[in-house]
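What follows is a single structure, written as structure tokens, with notes after it.
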Amino acid sequence: MPSVDLEYPKQPYSKVNRYDSRASYALETIHNIVNTCPVVHVSFTVPDSPFPAVLPMIGQMGSFERPSADTGDVLELYLHGYVSSRIVNMSRKASGSSSGEDSSSSAAEEEGLPVCVAATHIDGLVLSLTPNTHSYNYRSAVLFGYATPVTDAAEKLYAMELITDSVVRDRYRHTRTPPSAAEMQSTGLLRVRVAAGSAKLRADAPSDDRADLADEPLLDRVWTGVVPLRYTFDEPVPGPYNRLDHVPKYLDEFRNDFNREAREIAAETARAKPAKTAKTKRDDDDD
């Protein structure tokens, strides 16, 4: 853990403008949001297309050079894909590398493919007096960086283990490893060097306009509050060729720990006290 709380630089493209009191540029906050999100959405520009492309991908923050680095340290984002997918091919072309080059080559040090990566958690439904003041309790993060293919064999294995264990803690070593040569060749892994990032979080109770709070009949007929929302893992269902007669301890512990933490986060945000009793303008219509 670094001795100081590191933050990403505020850039025009990464700065939170609307309700910036909810913004965070802390590496630890942003990296934790990304690392606990089951799917991240990666955006990039496609040549000869009038629309940007957006892909759901699996990703995880990490450092091959410093494997023990904390989430508050400077990290890179690793993304899992297919070796001949469009985003991997475009990243390879943008970085000047080929599938047979080592990632430490001078060509691979070029910036790579510009990408934006978004991760979002919804922790609760915030139900207010009017439709316009409804909201979510949420944790969201966006990273801006440059993607290049991982071609070094050792770094590729590191990234595969990192991403596998992000799906289920300690899963990698409980499977058939290392991956075969064919699996290694067909898997495309991207390393995103992060240039900037920001997060925006809401953990609050409902908040309404003074005029509505003074409307006694309205208060008498409309329920207001927070409905906690969480992503949980249910009981594992054995596959058709599973031979184990019990759920492995590492899987059961991971599921229980994940569900407990998700329940605590959702409950904590639901119990949060509003920063102010009433609003003088519409706060939550699109935040």
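For the structure tokens, the naming scheme is as follows: chains receive sequential letters (A, B, ...) according to their order of presentation, residues are indexed from 1 within each chain, and ligands are indexed from 1 in presentation order.
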Determine, counting only C-alpha atoms, which protein, DNA and RNA residues have an atom within 6 Å of an atom of region 153-165 of chain A; residues of the same chain fewer than 6 positions away are not included. Present the result as a ChimeraX atom specification.
/A:60,171-172
Report as number ranges by chain all protein, DNA and RNA residues lying within 12 Å of Asp252 (chain A), evaluated on only C-alpha atoms, omitting residues in the same chain fewer than 2 positions from it.
A: 168-171, 233-236, 246-250, 254-259
Exercise: Ser21 (chain A) partners within 10 Å, only C-alpha atoms, chain neighbours under 3 positions left out, as a PyMOL selection string:
chain A and resi 16-18+24+200-202
Considering only C-alpha atoms, state which residue in the set A:Lys93, A:Val46, A:Asn35, A:His174 is at the smallest distance from Asp70 (chain A).
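So, comparing all the options, the nearest one is A:Asn35.
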So which one's closest to Ala23 (chain A), A:Ala195, A:Ala262, A:Ala182, A:Ala141? Using only C-alpha atoms, please.
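Smallest separation from Ala23 (chain A) among the options: A:Ala141.
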So, counting only C-alpha atoms, which residue among A:Val237, A:Val83, A:Ala118, A:Leu244 is closest to Leu189 (chain A)?
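Result for the nearest residue to Leu189 (chain A): A:Val83.
Between Leu213 (chain A) and the residues A:Thr175, A:Thr36, A:Thr130, A:Ser166, the shortest atom-to-atom distance, using only C-alpha atoms, involves A:Thr130.
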Find the residues near Gly81 (chain A): any atom within 8 Å, counting only C-alpha atoms, skip ones fewer than 6 places away on the same chain, and give them as a list of chain:residue names.
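Near Gly81 (chain A), the qualifying residues are A:Met57, A:Val88, A:Thr187, A:Gly188, A:Leu189, A:Leu190.
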Write out as a PDB file with all heavy atoms, in the first residue's frame each polymer residue whose atoms come within 10 Å of region 226-230 of chain A, counting only C-alpha atoms; drop sequence neighbours fewer than 6 positions from it.
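For reference, result.pdb as written:
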ATOM      1  N   HIS A 121     -21.651  -0.688 -10.418  1.00  0.00           N
ATOM      2  CA  HIS A 121     -22.405  -1.492  -9.456  1.00  0.00           C
ATOM      3  C   HIS A 121     -23.649  -0.706  -9.051  1.00  0.00           C
ATOM      4  O   HIS A 121     -23.563   0.498  -8.786  1.00  0.00           O
ATOM      5  CB  HIS A 121     -21.593  -1.764  -8.189  1.00  0.00           C
ATOM      6  CG  HIS A 121     -20.364  -2.573  -8.404  1.00  0.00           C
ATOM      7  ND1 HIS A 121     -20.371  -3.955  -8.435  1.00  0.00           N
ATOM      8  CD2 HIS A 121     -19.074  -2.207  -8.599  1.00  0.00           C
ATOM      9  CE1 HIS A 121     -19.136  -4.397  -8.621  1.00  0.00           C
ATOM     10  NE2 HIS A 121     -18.331  -3.357  -8.733  1.00  0.00           N
ATOM     11  N   ILE A 122     -24.789  -1.362  -8.997  1.00  0.00           N
ATOM     12  CA  ILE A 122     -26.010  -0.760  -8.476  1.00  0.00           C
ATOM     13  C   ILE A 122     -26.264  -1.355  -7.091  1.00  0.00           C
ATOM     14  O   ILE A 122     -26.402  -2.569  -6.945  1.00  0.00           O
ATOM     15  CB  ILE A 122     -27.221  -1.021  -9.390  1.00  0.00           C
ATOM     16  CG1 ILE A 122     -26.954  -0.485 -10.801  1.00  0.00           C
ATOM     17  CG2 ILE A 122     -28.478  -0.385  -8.805  1.00  0.00           C
ATOM     18  CD1 ILE A 122     -26.727   1.012 -10.861  1.00  0.00           C
ATOM     19  N   ASP A 123     -26.314  -0.507  -6.066  1.00  0.00           N
ATOM     20  CA  ASP A 123     -26.462  -0.961  -4.686  1.00  0.00           C
ATOM     21  C   ASP A 123     -27.862  -0.759  -4.119  1.00  0.00           C
ATOM     22  O   ASP A 123     -28.171  -1.282  -3.041  1.00  0.00           O
ATOM     23  CB  ASP A 123     -25.453  -0.239  -3.787  1.00  0.00           C
ATOM     24  CG  ASP A 123     -24.016  -0.536  -4.180  1.00  0.00           C
ATOM     25  OD1 ASP A 123     -23.718  -1.713  -4.472  1.00  0.00           O
ATOM     26  OD2 ASP A 123     -23.194   0.403  -4.209  1.00  0.00           O
ATOM     27  N   GLY A 124     -28.706  -0.003  -4.819  1.00  0.00           N
ATOM     28  CA  GLY A 124     -30.047   0.198  -4.297  1.00  0.00           C
ATOM     29  C   GLY A 124     -30.892   1.058  -5.209  1.00  0.00           C
ATOM     30  O   GLY A 124     -30.378   1.868  -5.987  1.00  0.00           O
ATOM     31  N   LEU A 125     -32.212   0.861  -5.123  1.00  0.00           N
ATOM     32  CA  LEU A 125     -33.181   1.695  -5.830  1.00  0.00           C
ATOM     33  C   LEU A 125     -33.649   2.783  -4.872  1.00  0.00           C
ATOM     34  O   LEU A 125     -34.165   2.482  -3.791  1.00  0.00           O
ATOM     35  CB  LEU A 125     -34.363   0.861  -6.305  1.00  0.00           C
ATOM     36  CG  LEU A 125     -34.047  -0.453  -7.027  1.00  0.00           C
ATOM     37  CD1 LEU A 125     -35.351  -1.153  -7.412  1.00  0.00           C
ATOM     38  CD2 LEU A 125     -33.178  -0.199  -8.237  1.00  0.00           C
ATOM     39  N   VAL A 126     -33.473   4.025  -5.246  1.00  0.00           N
ATOM     40  CA  VAL A 126     -33.836   5.150  -4.391  1.00  0.00           C
ATOM     41  C   VAL A 126     -35.189   5.682  -4.851  1.00  0.00           C
ATOM     42  O   VAL A 126     -35.304   6.273  -5.929  1.00  0.00           O
ATOM     43  CB  VAL A 126     -32.768   6.258  -4.445  1.00  0.00           C
ATOM     44  CG1 VAL A 126     -33.139   7.402  -3.504  1.00  0.00           C
ATOM     45  CG2 VAL A 126     -31.396   5.689  -4.075  1.00  0.00           C
ATOM     46  N   LEU A 127     -36.217   5.455  -4.043  1.00  0.00           N
ATOM     47  CA  LEU A 127     -37.590   5.797  -4.398  1.00  0.00           C
ATOM     48  C   LEU A 127     -38.016   7.051  -3.652  1.00  0.00           C
ATOM     49  O   LEU A 127     -38.125   7.053  -2.416  1.00  0.00           O
ATOM     50  CB  LEU A 127     -38.526   4.636  -4.079  1.00  0.00           C
ATOM     51  CG  LEU A 127     -38.102   3.259  -4.632  1.00  0.00           C
ATOM     52  CD1 LEU A 127     -39.149   2.209  -4.301  1.00  0.00           C
ATOM     53  CD2 LEU A 127     -37.856   3.328  -6.130  1.00  0.00           C
ATOM     54  N   SER A 128     -38.262   8.118  -4.409  1.00  0.00           N
ATOM     55  CA  SER A 128     -38.596   9.416  -3.830  1.00  0.00           C
ATOM     56  C   SER A 128     -40.068   9.747  -4.051  1.00  0.00           C
ATOM     57  O   SER A 128     -40.849   8.911  -4.499  1.00  0.00           O
ATOM     58  CB  SER A 128     -37.689  10.489  -4.437  1.00  0.00           C
ATOM     59  OG  SER A 128     -36.336  10.146  -4.267  1.00  0.00           O
ATOM     60  N   HIS A 134     -36.358  10.149  -8.328  1.00  0.00           N
ATOM     61  CA  HIS A 134     -35.880   8.776  -8.121  1.00  0.00           C
ATOM     62  C   HIS A 134     -34.415   8.674  -8.553  1.00  0.00           C
ATOM     63  O   HIS A 134     -33.938   9.447  -9.390  1.00  0.00           O
ATOM     64  CB  HIS A 134     -36.702   7.788  -8.944  1.00  0.00           C
ATOM     65  CG  HIS A 134     -38.015   7.430  -8.304  1.00  0.00           C
ATOM     66  ND1 HIS A 134     -38.921   8.365  -7.880  1.00  0.00           N
ATOM     67  CD2 HIS A 134     -38.561   6.222  -8.014  1.00  0.00           C
ATOM     68  CE1 HIS A 134     -39.983   7.753  -7.358  1.00  0.00           C
ATOM     69  NE2 HIS A 134     -39.787   6.444  -7.435  1.00  0.00           N
ATOM     70  N   SER A 135     -33.706   7.704  -8.000  1.00  0.00           N
ATOM     71  CA  SER A 135     -32.299   7.532  -8.359  1.00  0.00           C
ATOM     72  C   SER A 135     -31.851   6.116  -8.034  1.00  0.00           C
ATOM     73  O   SER A 135     -32.651   5.260  -7.645  1.00  0.00           O
ATOM     74  CB  SER A 135     -31.436   8.554  -7.614  1.00  0.00           C
ATOM     75  OG  SER A 135     -30.101   8.522  -8.077  1.00  0.00           O
ATOM     76  N   TYR A 136     -30.572   5.872  -8.194  1.00  0.00           N
ATOM     77  CA  TYR A 136     -29.908   4.647  -7.762  1.00  0.00           C
ATOM     78  C   TYR A 136     -28.864   5.019  -6.719  1.00  0.00           C
ATOM     79  O   TYR A 136     -28.299   6.117  -6.748  1.00  0.00           O
ATOM     80  CB  TYR A 136     -29.162   3.968  -8.916  1.00  0.00           C
ATOM     81  CG  TYR A 136     -29.996   3.254  -9.944  1.00  0.00           C
ATOM     82  CD1 TYR A 136     -29.581   3.219 -11.271  1.00  0.00           C
ATOM     83  CD2 TYR A 136     -31.161   2.581  -9.608  1.00  0.00           C
ATOM     84  CE1 TYR A 136     -30.314   2.550 -12.239  1.00  0.00           C
ATOM     85  CE2 TYR A 136     -31.904   1.912 -10.560  1.00  0.00           C
ATOM     86  CZ  TYR A 136     -31.479   1.900 -11.873  1.00  0.00           C
ATOM     87  OH  TYR A 136     -32.214   1.230 -12.817  1.00  0.00           O
ATOM     88  N   ASN A 137     -28.568   4.099  -5.822  1.00  0.00           N
ATOM     89  CA  ASN A 137     -27.293   4.128  -5.120  1.00  0.00           C
ATOM     90  C   ASN A 137     -26.334   3.301  -5.960  1.00  0.00           C
ATOM     91  O   ASN A 137     -26.661   2.176  -6.361  1.00  0.00           O
ATOM     92  CB  ASN A 137     -27.423   3.552  -3.707  1.00  0.00           C
ATOM     93  CG  ASN A 137     -27.979   4.566  -2.725  1.00  0.00           C
ATOM     94  OD1 ASN A 137     -27.869   5.768  -2.938  1.00  0.00           O
ATOM     95  ND2 ASN A 137     -28.585   4.089  -1.655  1.00  0.00           N
ATOM     96  N   TYR A 138     -25.173   3.838  -6.248  1.00  0.00           N
ATOM     97  CA  TYR A 138     -24.300   3.205  -7.237  1.00  0.00           C
ATOM     98  C   TYR A 138     -22.841   3.500  -6.950  1.00  0.00           C
ATOM     99  O   TYR A 138     -22.490   4.420  -6.200  1.00  0.00           O
ATOM    100  CB  TYR A 138     -24.641   3.707  -8.645  1.00  0.00           C
ATOM    101  CG  TYR A 138     -24.491   5.211  -8.795  1.00  0.00           C
ATOM    102  CD1 TYR A 138     -23.259   5.791  -9.067  1.00  0.00           C
ATOM    103  CD2 TYR A 138     -25.588   6.051  -8.646  1.00  0.00           C
ATOM    104  CE1 TYR A 138     -23.118   7.151  -9.186  1.00  0.00           C
ATOM    105  CE2 TYR A 138     -25.461   7.430  -8.771  1.00  0.00           C
ATOM    106  CZ  TYR A 138     -24.222   7.975  -9.037  1.00  0.00           C
ATOM    107  OH  TYR A 138     -24.086   9.337  -9.127  1.00  0.00           O
ATOM    108  N   ASP A 204     -26.878   7.158  -0.507  1.00  0.00           N
ATOM    109  CA  ASP A 204     -27.687   8.182   0.136  1.00  0.00           C
ATOM    110  C   ASP A 204     -29.145   7.767   0.194  1.00  0.00           C
ATOM    111  O   ASP A 204     -29.587   6.866  -0.540  1.00  0.00           O
ATOM    112  CB  ASP A 204     -27.561   9.502  -0.638  1.00  0.00           C
ATOM    113  CG  ASP A 204     -27.629  10.723   0.272  1.00  0.00           C
ATOM    114  OD1 ASP A 204     -28.116  10.575   1.412  1.00  0.00           O
ATOM    115  OD2 ASP A 204     -27.197  11.802  -0.166  1.00  0.00           O
ATOM    116  N   ALA A 205     -29.887   8.452   1.048  1.00  0.00           N
ATOM    117  CA  ALA A 205     -31.324   8.259   1.158  1.00  0.00           C
ATOM    118  C   ALA A 205     -32.037   9.122   0.121  1.00  0.00           C
ATOM    119  O   ALA A 205     -31.400   9.928  -0.569  1.00  0.00           O
ATOM    120  CB  ALA A 205     -31.776   8.632   2.571  1.00  0.00           C
ATOM    121  N   PRO A 206     -33.349   8.981  -0.012  1.00  0.00           N
ATOM    122  CA  PRO A 206     -34.084   9.860  -0.939  1.00  0.00           C
ATOM    123  C   PRO A 206     -33.959  11.322  -0.525  1.00  0.00           C
ATOM    124  O   PRO A 206     -33.760  11.638   0.652  1.00  0.00           O
ATOM    125  CB  PRO A 206     -35.533   9.380  -0.816  1.00  0.00           C
ATOM    126  CG  PRO A 206     -35.439   7.997  -0.277  1.00  0.00           C
ATOM    127  CD  PRO A 206     -34.239   7.985   0.606  1.00  0.00           C
ATOM    128  N   ASN A 259     -21.159 -12.985  -0.928  1.00  0.00           N
ATOM    129  CA  ASN A 259     -22.549 -12.664  -0.609  1.00  0.00           C
ATOM    130  C   ASN A 259     -22.663 -11.812   0.646  1.00  0.00           C
ATOM    131  O   ASN A 259     -23.491 -10.898   0.719  1.00  0.00           O
ATOM    132  CB  ASN A 259     -23.364 -13.943  -0.454  1.00  0.00           C
ATOM    133  CG  ASN A 259     -23.589 -14.645  -1.782  1.00  0.00           C
ATOM    134  OD1 ASN A 259     -23.369 -14.083  -2.840  1.00  0.00           O
ATOM    135  ND2 ASN A 259     -24.026 -15.889  -1.718  1.00  0.00           N
ATOM    136  N   GLU A 261     -20.391  -9.698   1.852  1.00  0.00           N
ATOM    137  CA  GLU A 261     -19.926  -8.346   1.552  1.00  0.00           C
ATOM    138  C   GLU A 261     -20.952  -7.577   0.720  1.00  0.00           C
ATOM    139  O   GLU A 261     -21.207  -6.395   0.966  1.00  0.00           O
ATOM    140  CB  GLU A 261     -18.587  -8.396   0.807  1.00  0.00           C
ATOM    141  CG  GLU A 261     -18.006  -7.034   0.521  1.00  0.00           C
ATOM    142  CD  GLU A 261     -16.644  -7.099  -0.151  1.00  0.00           C
ATOM    143  OE1 GLU A 261     -16.068  -8.213  -0.219  1.00  0.00           O
ATOM    144  OE2 GLU A 261     -16.157  -6.053  -0.596  1.00  0.00           O
ATOM    145  N   ALA A 262     -21.561  -8.254  -0.251  1.00  0.00           N
ATOM    146  CA  ALA A 262     -22.575  -7.596  -1.079  1.00  0.00           C
ATOM    147  C   ALA A 262     -23.772  -7.174  -0.238  1.00  0.00           C
ATOM    148  O   ALA A 262     -24.331  -6.079  -0.422  1.00  0.00           O
ATOM    149  CB  ALA A 262     -23.018  -8.536  -2.199  1.00  0.00           C
ATOM    150  N   ARG A 263     -24.174  -8.033   0.683  1.00  0.00           N
ATOM    151  CA  ARG A 263     -25.305  -7.716   1.559  1.00  0.00           C
ATOM    152  C   ARG A 263     -24.971  -6.522   2.459  1.00  0.00           C
ATOM    153  O   ARG A 263     -25.806  -5.631   2.659  1.00  0.00           O
ATOM    154  CB  ARG A 263     -25.656  -8.940   2.400  1.00  0.00           C
ATOM    155  CG  ARG A 263     -26.847  -8.747   3.326  1.00  0.00           C
ATOM    156  CD  ARG A 263     -27.287 -10.065   3.945  1.00  0.00           C
ATOM    157  NE  ARG A 263     -26.211 -10.721   4.677  1.00  0.00           N
ATOM    158  CZ  ARG A 263     -25.584 -11.822   4.280  1.00  0.00           C
ATOM    159  NH1 ARG A 263     -25.912 -12.401   3.140  1.00  0.00           N
ATOM    160  NH2 ARG A 263     -24.625 -12.361   5.010  1.00  0.00           N
ATOM    161  N   GLU A 264     -23.754  -6.470   2.981  1.00  0.00           N
ATOM    162  CA  GLU A 264     -23.353  -5.374   3.860  1.00  0.00           C
ATOM    163  C   GLU A 264     -23.294  -4.048   3.118  1.00  0.00           C
ATOM    164  O   GLU A 264     -23.732  -3.021   3.646  1.00  0.00           O
ATOM    165  CB  GLU A 264     -21.991  -5.691   4.485  1.00  0.00           C
ATOM    166  CG  GLU A 264     -22.036  -6.823   5.507  1.00  0.00           C
ATOM    167  CD  GLU A 264     -20.660  -7.247   5.971  1.00  0.00           C
ATOM    168  OE1 GLU A 264     -19.663  -6.748   5.386  1.00  0.00           O
ATOM    169  OE2 GLU A 264     -20.565  -8.078   6.897  1.00  0.00           O
ATOM    170  N   ILE A 265     -22.779  -4.068   1.899  1.00  0.00           N
ATOM    171  CA  ILE A 265     -22.695  -2.827   1.121  1.00  0.00           C
ATOM    172  C   ILE A 265     -24.087  -2.301   0.806  1.00  0.00           C
ATOM    173  O   ILE A 265     -24.378  -1.101   0.976  1.00  0.00           O
ATOM    174  CB  ILE A 265     -21.901  -3.053  -0.181  1.00  0.00           C
ATOM    175  CG1 ILE A 265     -20.425  -3.305   0.142  1.00  0.00           C
ATOM    176  CG2 ILE A 265     -22.043  -1.861  -1.122  1.00  0.00           C
ATOM    177  CD1 ILE A 265     -19.597  -3.700  -1.061  1.00  0.00           C
ATOM    178  N   ALA A 266     -24.982  -3.182   0.354  1.00  0.00           N
ATOM    179  CA  ALA A 266     -26.338  -2.761   0.004  1.00  0.00           C
ATOM    180  C   ALA A 266     -27.079  -2.214   1.223  1.00  0.00           C
ATOM    181  O   ALA A 266     -27.781  -1.193   1.145  1.00  0.00           O
ATOM    182  CB  ALA A 266     -27.106  -3.921  -0.620  1.00  0.00           C
ATOM    183  N   ALA A 267     -26.920  -2.888   2.370  1.00  0.00           N
ATOM    184  CA  ALA A 267     -27.601  -2.442   3.584  1.00  0.00           C
ATOM    185  C   ALA A 267     -27.031  -1.129   4.094  1.00  0.00           C
ATOM    186  O   ALA A 267     -27.769  -0.243   4.541  1.00  0.00           O
ATOM    187  CB  ALA A 267     -27.486  -3.517   4.664  1.00  0.00           C
ATOM    188  N   GLU A 268     -25.724  -0.979   4.001  1.00  0.00           N
ATOM    189  CA  GLU A 268     -25.089   0.245   4.479  1.00  0.00           C
ATOM    190  C   GLU A 268     -25.530   1.458   3.672  1.00  0.00           C
ATOM    191  O   GLU A 268     -25.831   2.514   4.227  1.00  0.00           O
ATOM    192  CB  GLU A 268     -23.564   0.097   4.417  1.00  0.00           C
ATOM    193  CG  GLU A 268     -22.811   1.308   4.940  1.00  0.00           C
ATOM    194  CD  GLU A 268     -21.305   1.125   4.866  1.00  0.00           C
ATOM    195  OE1 GLU A 268     -20.863  -0.010   4.595  1.00  0.00           O
ATOM    196  OE2 GLU A 268     -20.581   2.105   5.084  1.00  0.00           O
ATOM    197  N   THR A 269     -25.586   1.320   2.366  1.00  0.00           N
ATOM    198  CA  THR A 269     -26.008   2.449   1.539  1.00  0.00           C
ATOM    199  C   THR A 269     -27.493   2.759   1.742  1.00  0.00           C
ATOM    200  O   THR A 269     -27.906   3.907   1.666  1.00  0.00           O
ATOM    201  CB  THR A 269     -25.745   2.181   0.053  1.00  0.00           C
ATOM    202  OG1 THR A 269     -26.448   0.995  -0.356  1.00  0.00           O
ATOM    203  CG2 THR A 269     -24.260   1.988  -0.210  1.00  0.00           C
ATOM    204  N   ALA A 270     -28.291   1.738   2.026  1.00  0.00           N
ATOM    205  CA  ALA A 270     -29.723   1.963   2.255  1.00  0.00           C
ATOM    206  C   ALA A 270     -29.966   2.725   3.546  1.00  0.00           C
ATOM    207  O   ALA A 270     -30.933   3.492   3.651  1.00  0.00           O
ATOM    208  CB  ALA A 270     -30.465   0.627   2.290  1.00  0.00           C
ATOM    209  N   ARG A 271     -29.093   2.549   4.539  1.00  0.00           N
ATOM    210  CA  ARG A 271     -29.267   3.212   5.831  1.00  0.00           C
ATOM    211  C   ARG A 271     -28.645   4.596   5.871  1.00  0.00           C
ATOM    212  O   ARG A 271     -28.749   5.296   6.876  1.00  0.00           O
ATOM    213  CB  ARG A 271     -28.649   2.363   6.942  1.00  0.00           C
ATOM    214  CG  ARG A 271     -29.398   1.072   7.245  1.00  0.00           C
ATOM    215  CD  ARG A 271     -28.894   0.451   8.536  1.00  0.00           C
ATOM    216  NE  ARG A 271     -27.481   0.111   8.446  1.00  0.00           N
ATOM    217  CZ  ARG A 271     -27.034  -1.099   8.143  1.00  0.00           C
ATOM    218  NH1 ARG A 271     -27.889  -2.079   7.864  1.00  0.00           N
ATOM    219  NH2 ARG A 271     -25.730  -1.347   8.106  1.00  0.00           N
ATOM    220  N   ALA A 272     -27.985   4.989   4.790  1.00  0.00           N
ATOM    221  CA  ALA A 272     -27.291   6.279   4.782  1.00  0.00           C
ATOM    222  C   ALA A 272     -28.268   7.426   4.995  1.00  0.00           C
ATOM    223  O   ALA A 272     -29.403   7.401   4.537  1.00  0.00           O
ATOM    224  CB  ALA A 272     -26.552   6.461   3.462  1.00  0.00           C
TER     225      ALA A 272
END
Write out as an NGL selection string all residues of region 2-146 of chain A that backbone DSSP assigns to strand (DSSP E or B).
:A and (7 or 23-24 or 26 or 40-44 or 53-62 or 76-82 or 113-127 or 135-146)
Long-range neighbours of Leu218 (chain A) as a compact mmCIF listing (two decimals) with N, CA and C atoms, in the first residue's frame, 8 Å cut-off, only C-alpha atoms, 4 positions minimum in chain:
# COMPACT_ATOMS: atom_id res chain seq x y z
N LEU A 129 -40.44 10.98 -3.79
CA LEU A 129 -41.84 11.38 -3.88
C LEU A 129 -42.31 11.55 -5.32
N ASP A 212 -42.49 19.60 -2.25
CA ASP A 212 -43.09 18.27 -2.11
C ASP A 212 -43.06 17.80 -0.66
N VAL A 222 -47.43 8.33 -0.55
CA VAL A 222 -46.29 7.83 -1.34
C VAL A 222 -45.22 7.25 -0.42
